[in-house]
Amino acid sequence: MSEDDKKADKALLETALERFKNCADADSEQRQKSLDDLIFLAATPDDPAGQWGDYAVQQRYRDKRPVMVVNRLDQFIQHVSNSMRQNRVSARVFPVDDKGDVDTAEVRQGLLRHIEYISSANLAYNTAAFYAVAMGFGFYRLNTEYADPRAFEQEIKIERIENPFNAYLGPHSKPDGSDAEYGFLFTDYTKDEYETEYGKDSAASLEDSRRTGTAFPDGWVSDDIVRVAEYWYTDWQEDTLYQMLDGSTKLRSELPEEDEDLIARDETGAFIERETRIPTVRWCKFNAQEILEKTEWVIPQIPLVKVTGHEMNVDGKRILKGIVRNMKDAQRQYNFMIASETEAIDSSKGQVTMYEGQEEGHEAEWQNANKQQVLRVKAVTVDGKPAPLPTRLPPNMSIPAMTQARLMAADDLKALTSLYDAALGNKSNETSGRGIALRQQQSDTANFHFQDNLTLSITHSTRMIVNMQQYVYDTPRVVRIIGEDDSHKIAKINQEFEDGDKKKKFDFSVGKYDVVATAGPSFATKRKEASEQLVQLAGVDEGLMATCPDIVYKALDVPYAQEIAERRKKTLPPELQDQKDQPEVPPQVQQKLAQYGQMVEALTQQLNEAKTAIETKSVEVESRERIEMAKIQAQMMETQLKLDSQEAIAALKAEVDAIKAGMQLDEQAAARAQQASETIESGAPA
């Protein structure tokens with residue numbers, strides 16, 4: 001590495017460390033509150049300090065008083081976050097200029113689903129959404145990696161960030177962080193892991209620096225871990241943008257001198273231009289001492305995606321919180337009341353009054369009074385005077401008040417989250433299905449901002465993925481695409497191929513595409529609902545099963561539904577069959593078929609007339625059978641009018657000739673019958 005490169009790396013490292021310090025300082029108070037929320041949520045009966053506090057727990061343990069944690073927060077957090085899991089966010093890709101096309105947009109969308117599938121993207125989305133609901137924010141990231149250990153081709157991946165406190169974004173105003181100009185993601189390695197990843201020389205260099213007294217930032221290097229940071233930052237380049245004669249635009253840095261004549265001019269003859277700044281996002285990985293790797297990122301956007309919970313701005317300070325923060329006091333009161341209630345009930349069972357000295361000699365029995373069958377006392381006091389039997393004190397009258405206070409705390413928890421009994425699946429005062437549904441809808445509406453913020457973040461990341469596709473999937477290759485119904489297909493991209501008698505090309509290098517994301521039930525859920533409705537309709541509408549049985553069977557969520565639908569479809573009448581796979585009939589054949597159709601109609605009319613004449617003259621049964629056979633043959637010929645080959649036309653012509661010959665025989669037979677009839681009427685010998 002040259003001296004200039006070393007100086008550049010040193011400057012880059014100093015800038016990165018300074019920027020991280022600014023991020024950490026700006027977010028320190030916010031992150032501490034979010035961490036407290038998470039610790040409070042994670043409290044259990046085995047570790048109650050998260051909700052009681054260390055001092056209160058130690059004091060109660062010392063006084064042998066109960067410390068109880070009945071953590072009711074989980075059901076509220078899981079209700080909101082699991083509702084978001086049920087309403088999956090799906091994005092639709094569409095072209096936004098004249099160079100993009102709908103078919104390529106569909107392939108891009110199918111590839112997007114494939115990326116989500118191989119990335120287990122739902123895990124990334126769910127983790128970020130859970131933390132946003134619980135404490136105010138979560139993160140996930142985009143990355144690229146080789147598709148195979150033996151391949152040069154790369155794929156886009158959506159990766160979860162398990163610990164959101166390891167991610168930082170520079171100053172930004174949008175909830176999804178899409179306007180941030182830099183960001184950090186930290187990974188803590190053990191010494192062995194660090195040596196495996198970056199070599200022993202790098203680890204030894206860090207140790208040498210520690211031994212010589214080099215001051216590292218807090219938390220970067222210790223006896224146990226080495227912290228490594230990924231750092232994305234935006235590099236702005238000043239440039240001039242020109243308007244070209246053909247309506248396009250070009251940058252000064254991209255414009256050859258010989259093309260200056262193609263620049264558009266205004267009425268004064270000056271170039272139509274303006275100054276602009278072009279962003280480029282760069283990436284590097286560093287420890288506290290050196291830059292380990294660096295490169296240019298795929299697109300000019302930071303690939304860290306933030307999912308925000310409840311957001312507000314108070315006096316210029318951004319506050320992020322989930323639903324835990326407002327519930328802390330109600331949960332503390334619930335814990336305190338149930339502990340006090342338990343303590344009062346327990347103490348009420350064993351409190352008795354007696355004179356001093358009456359338990360002398362029977363102390364062990366009285367120490368275990370609640371379990372002892374026989375309790376003995378002396379009949380005299382310490383000074384020998386007679387004494388009555390011990391008296392049990394009446395129950396603690398404050399227990400009902402404690403119970404009422406506990407129930408009120410439980411109601412406060414519901415009110416703070418707008419999740420009442422109907423939404424939580426408990427019985428409430430609503431009795432009708434519509435009333436329960438409306439109460440559930442109100443609860444979902446009160447917490448809809450969490451779902452909406454997740455949709456906003458997934459829209460941002462999906463838009464980045466669509467922009468990345470043209471750079472990552474930039475060579476002719478075959479990719480898997482996934483449909484909305486989870487069907488899998490193979491598509492060829494960036495290459496021309498034949499689709500039937502047409503040539504197609506899904507070119508990712510041209511055109512602009514955007515996305516629209518919506519949240520709603522998954523396709524499986526919608527299919528189940530559609531199946532139930534179709535089955536109900538089929539019970540009252542016989543025509544549905546007569547005309548669309550294959551669609552009804554296909555919607556059923558049962559094994560082999562697809563196979564049943566395909567077989568049932570084959571039994572439909574010809575006019576209801578799908579004709580997409582039938583070859584197109586050439587115009588010449590269509591014309592000849594029309595001519596033969598007219599001929600068949602004329603012959604049919606002649607047959608009908610002959611049949612009438614023969615029946616009038618009481619022709620023999622054999623002649624009638626011939627006429628019926630001719631009629632059947634004519635009907636058969638009509639069903640073959642859709643044939644599209646010369647051989648079929650020739651066969652059709654032969655059929656017509658045969659019918660003509662048969663008709664001539666019939667006419668001759670009719671003539672003979674007429675002659676015989678006239679002879680009989682005249683009395684002449686036959």
# chains A, B, ... in the order shown; residues from 1 in each chain; ligands from 1
call {"tool": "residues_around", "arguments": {"residues": "Arg392 in chain A", "least_positions_apart": "3", "cutoff": "7 Å", "atoms": "only C-alpha atoms", "output": "PyMOL selection string"}}
result
chain A and resi 351-353
call {"tool": "write_last_selection", "arguments": {"atoms": "N, CA and C atoms", "output": "PDB file, in the first residue's frame"}}
result
ATOM      1  N   GLN A 351     -51.885 -14.962  62.408  1.00  0.00           N
ATOM      2  CA  GLN A 351     -51.784 -13.943  63.448  1.00  0.00           C
ATOM      3  C   GLN A 351     -52.732 -14.263  64.616  1.00  0.00           C
ATOM      4  N   VAL A 352     -52.153 -14.463  65.785  1.00  0.00           N
ATOM      5  CA  VAL A 352     -52.930 -14.729  67.008  1.00  0.00           C
ATOM      6  C   VAL A 352     -52.386 -13.850  68.129  1.00  0.00           C
ATOM      7  N   THR A 353     -53.212 -13.675  69.165  1.00  0.00           N
ATOM      8  CA  THR A 353     -52.762 -12.949  70.362  1.00  0.00           C
ATOM      9  C   THR A 353     -52.762 -13.906  71.553  1.00  0.00           C
TER      10      THR A 353
END
call {"tool": "residues_around", "arguments": {"residues": "Ser173 in chain A", "least_positions_apart": "2", "cutoff": "12 Å", "atoms": "only C-alpha atoms", "output": "PyMOL selection string"}}
result
chain A and resi 169-171+175-181+306+308+311-313+316-318
call {"tool": "residues_around", "arguments": {"residues": "His488 in chain A", "least_positions_apart": "2", "cutoff": "12 Å", "atoms": "only C-alpha atoms", "output": "ChimeraX atom specification"}}
result
/A:107,110-111,113-114,117,479-486,490-491
call {"tool": "select_by_dssp", "arguments": {"residues": "range 158-316 of chain A", "states": "helix (DSSP H, G or I)", "output": "VMD selection string"}}
result
chain A and resid 164 to 166 191 to 198 200 to 211 252 to 254 257 to 262
call {"tool": "write_last_selection", "arguments": {"atoms": "C-alpha atoms", "output": "mmCIF file, in the first residue's frame"}}
result
data_model
loop_
_atom_site.group_PDB
_atom_site.id
_atom_site.type_symbol
_atom_site.label_atom_id
_atom_site.label_comp_id
_atom_site.auth_asym_id
_atom_site.auth_seq_id
_atom_site.Cartn_x
_atom_site.Cartn_y
_atom_site.Cartn_z
ATOM 1 C CA PRO A 164 -30.804 -3.491 17.012
ATOM 2 C CA PHE A 165 -28.400 -1.691 19.386
ATOM 3 C CA ASN A 166 -25.559 -2.719 17.036
ATOM 4 C CA LYS A 191 -10.257 -13.419 19.685
ATOM 5 C CA ASP A 192 -10.379 -16.796 17.927
ATOM 6 C CA GLU A 193 -13.156 -15.706 15.591
ATOM 7 C CA TYR A 194 -11.273 -12.535 14.731
ATOM 8 C CA GLU A 195 -8.071 -14.443 13.925
ATOM 9 C CA THR A 196 -10.024 -16.872 11.730
ATOM 10 C CA GLU A 197 -11.692 -14.033 9.830
ATOM 11 C CA TYR A 198 -8.837 -11.535 9.516
ATOM 12 C CA LYS A 200 -3.305 -13.648 13.215
ATOM 13 C CA ASP A 201 -1.235 -10.701 11.980
ATOM 14 C CA SER A 202 -4.134 -8.296 12.405
ATOM 15 C CA ALA A 203 -4.923 -9.680 15.882
ATOM 16 C CA ALA A 204 -1.278 -9.451 16.906
ATOM 17 C CA SER A 205 -1.146 -5.856 15.713
ATOM 18 C CA LEU A 206 -4.058 -4.970 17.971
ATOM 19 C CA GLU A 207 -2.421 -6.680 20.957
ATOM 20 C CA ASP A 208 0.864 -4.873 20.309
ATOM 21 C CA SER A 209 -0.976 -1.569 20.269
ATOM 22 C CA ARG A 210 -2.674 -2.402 23.579
ATOM 23 C CA ARG A 211 0.645 -3.298 25.192
ATOM 24 C CA ARG A 252 -20.472 16.660 -17.974
ATOM 25 C CA SER A 253 -18.316 13.740 -16.785
ATOM 26 C CA GLU A 254 -20.159 11.376 -19.185
ATOM 27 C CA GLU A 257 -16.390 16.628 -26.401
ATOM 28 C CA GLU A 258 -17.636 15.709 -29.865
ATOM 29 C CA ASP A 259 -21.203 15.465 -28.528
ATOM 30 C CA GLU A 260 -21.349 19.054 -27.294
ATOM 31 C CA ASP A 261 -23.223 19.993 -30.480
ATOM 32 C CA LEU A 262 -26.054 17.759 -29.260
#
call {"tool": "residues_around", "arguments": {"residues": "range 240-246 of chain A", "least_positions_apart": "4", "cutoff": "7 Å", "atoms": "only C-alpha atoms", "output": "ChimeraX atom specification"}}
result
/A:250-252,262-264,272-276
call {"tool": "residues_around", "arguments": {"residues": "range 233-238 of chain A", "least_positions_apart": "5", "cutoff": "8 Å", "atoms": "only C-alpha atoms", "output": "mmCIF file with N, CA and C atoms, in the first residue's frame"}}
result
data_model
loop_
_atom_site.group_PDB
_atom_site.id
_atom_site.type_symbol
_atom_site.label_atom_id
_atom_site.label_comp_id
_atom_site.auth_asym_id
_atom_site.auth_seq_id
_atom_site.Cartn_x
_atom_site.Cartn_y
_atom_site.Cartn_z
ATOM 1 N N GLU A 181 -27.205 9.702 5.477
ATOM 2 C CA GLU A 181 -26.036 9.775 4.600
ATOM 3 C C GLU A 181 -24.922 8.840 5.044
ATOM 4 N N TYR A 182 -25.040 8.265 6.226
ATOM 5 C CA TYR A 182 -24.068 7.254 6.634
ATOM 6 C C TYR A 182 -24.677 6.370 7.713
ATOM 7 N N GLY A 183 -24.063 5.209 7.905
ATOM 8 C CA GLY A 183 -24.579 4.276 8.895
ATOM 9 C C GLY A 183 -23.508 3.288 9.313
ATOM 10 N N GLU A 275 -26.106 22.924 -12.165
ATOM 11 C CA GLU A 275 -25.148 22.236 -11.302
ATOM 12 C C GLU A 275 -25.885 21.184 -10.461
ATOM 13 N N THR A 276 -25.238 20.070 -10.245
ATOM 14 C CA THR A 276 -25.860 18.987 -9.480
ATOM 15 C C THR A 276 -24.806 18.258 -8.667
ATOM 16 N N ARG A 277 -25.275 17.435 -7.737
ATOM 17 C CA ARG A 277 -24.394 16.603 -6.912
ATOM 18 C C ARG A 277 -24.818 15.151 -7.088
ATOM 19 N N ILE A 278 -23.877 14.308 -7.439
ATOM 20 C CA ILE A 278 -24.149 12.900 -7.702
ATOM 21 C C ILE A 278 -23.657 12.075 -6.513
ATOM 22 N N PRO A 279 -24.567 11.310 -5.858
ATOM 23 C CA PRO A 279 -24.143 10.526 -4.693
ATOM 24 C C PRO A 279 -23.580 9.161 -5.090
ATOM 25 N N THR A 280 -22.565 8.749 -4.376
ATOM 26 C CA THR A 280 -22.020 7.395 -4.471
ATOM 27 C C THR A 280 -21.827 6.887 -3.049
ATOM 28 N N VAL A 281 -22.381 5.732 -2.751
ATOM 29 C CA VAL A 281 -22.227 5.165 -1.412
ATOM 30 C C VAL A 281 -21.040 4.211 -1.417
ATOM 31 N N ARG A 282 -20.146 4.412 -0.462
ATOM 32 C CA ARG A 282 -18.969 3.558 -0.315
ATOM 33 C C ARG A 282 -19.065 2.798 1.003
ATOM 34 N N TRP A 283 -18.390 1.650 1.041
ATOM 35 C CA TRP A 283 -18.447 0.758 2.199
ATOM 36 C C TRP A 283 -17.034 0.396 2.629
ATOM 37 N N PRO A 300 -26.633 4.073 -4.664
ATOM 38 C CA PRO A 300 -26.330 5.233 -3.801
ATOM 39 C C PRO A 300 -27.304 5.395 -2.636
ATOM 40 N N GLN A 301 -27.532 4.316 -1.864
ATOM 41 C CA GLN A 301 -28.382 4.361 -0.680
ATOM 42 C C GLN A 301 -27.790 3.461 0.396
ATOM 43 N N ILE A 302 -27.958 3.865 1.653
ATOM 44 C CA ILE A 302 -27.433 3.094 2.772
ATOM 45 C C ILE A 302 -28.317 1.858 2.967
#
call {"tool": "residues_around", "arguments": {"residues": "Asp383 in chain A", "least_positions_apart": "2", "cutoff": "12 Å", "atoms": "only C-alpha atoms", "output": "list in words"}}
result
Tyr355, Glu356, Gly357, Gln358, Lys378, Ala379, Val380, Thr381, Lys385, Pro386 and Ala387 of chain A
call {"tool": "write_last_selection", "arguments": {"atoms": "C-alpha atoms", "output": "PDB file, in the first residue's frame"}}
result
ATOM      1  CA  TYR A 355     -50.148 -13.596  76.917  1.00  0.00           C
ATOM      2  CA  GLU A 356     -46.391 -13.518  77.256  1.00  0.00           C
ATOM      3  CA  GLY A 357     -44.914 -16.881  78.125  1.00  0.00           C
ATOM      4  CA  GLN A 358     -47.888 -19.001  77.091  1.00  0.00           C
ATOM      5  CA  LYS A 378     -49.540 -22.771  79.154  1.00  0.00           C
ATOM      6  CA  ALA A 379     -52.651 -21.810  81.060  1.00  0.00           C
ATOM      7  CA  VAL A 380     -50.792 -19.138  83.055  1.00  0.00           C
ATOM      8  CA  THR A 381     -48.737 -16.072  82.279  1.00  0.00           C
ATOM      9  CA  LYS A 385     -51.611 -15.724  86.747  1.00  0.00           C
ATOM     10  CA  PRO A 386     -54.368 -17.623  84.871  1.00  0.00           C
ATOM     11  CA  ALA A 387     -54.642 -16.767  81.138  1.00  0.00           C
TER      12      ALA A 387
END
call {"tool": "residues_around", "arguments": {"residues": "Asp411 in chain A", "least_positions_apart": "6", "cutoff": "12 Å", "atoms": "only C-alpha atoms", "output": "list in words"}}
result
Arg72, Met327, Ala330, Gln331, Gln333, Tyr334, Gln404, Ala405, Thr417, Ser418, Leu419, Tyr420 and Asp421 of chain A
call {"tool": "closest_residue", "arguments": {"among": "A:Asp346, A:Asp507, A:Asp188, A:Glu609", "to": "Lys99 in chain A", "atoms": "only C-alpha atoms"}}
result
A:Asp507
call {"tool": "atom_distance", "arguments": {"atom1": "CA of Lys285 in chain A", "atom2": "CA of Trp232 in chain A"}}
result
8.9 Å
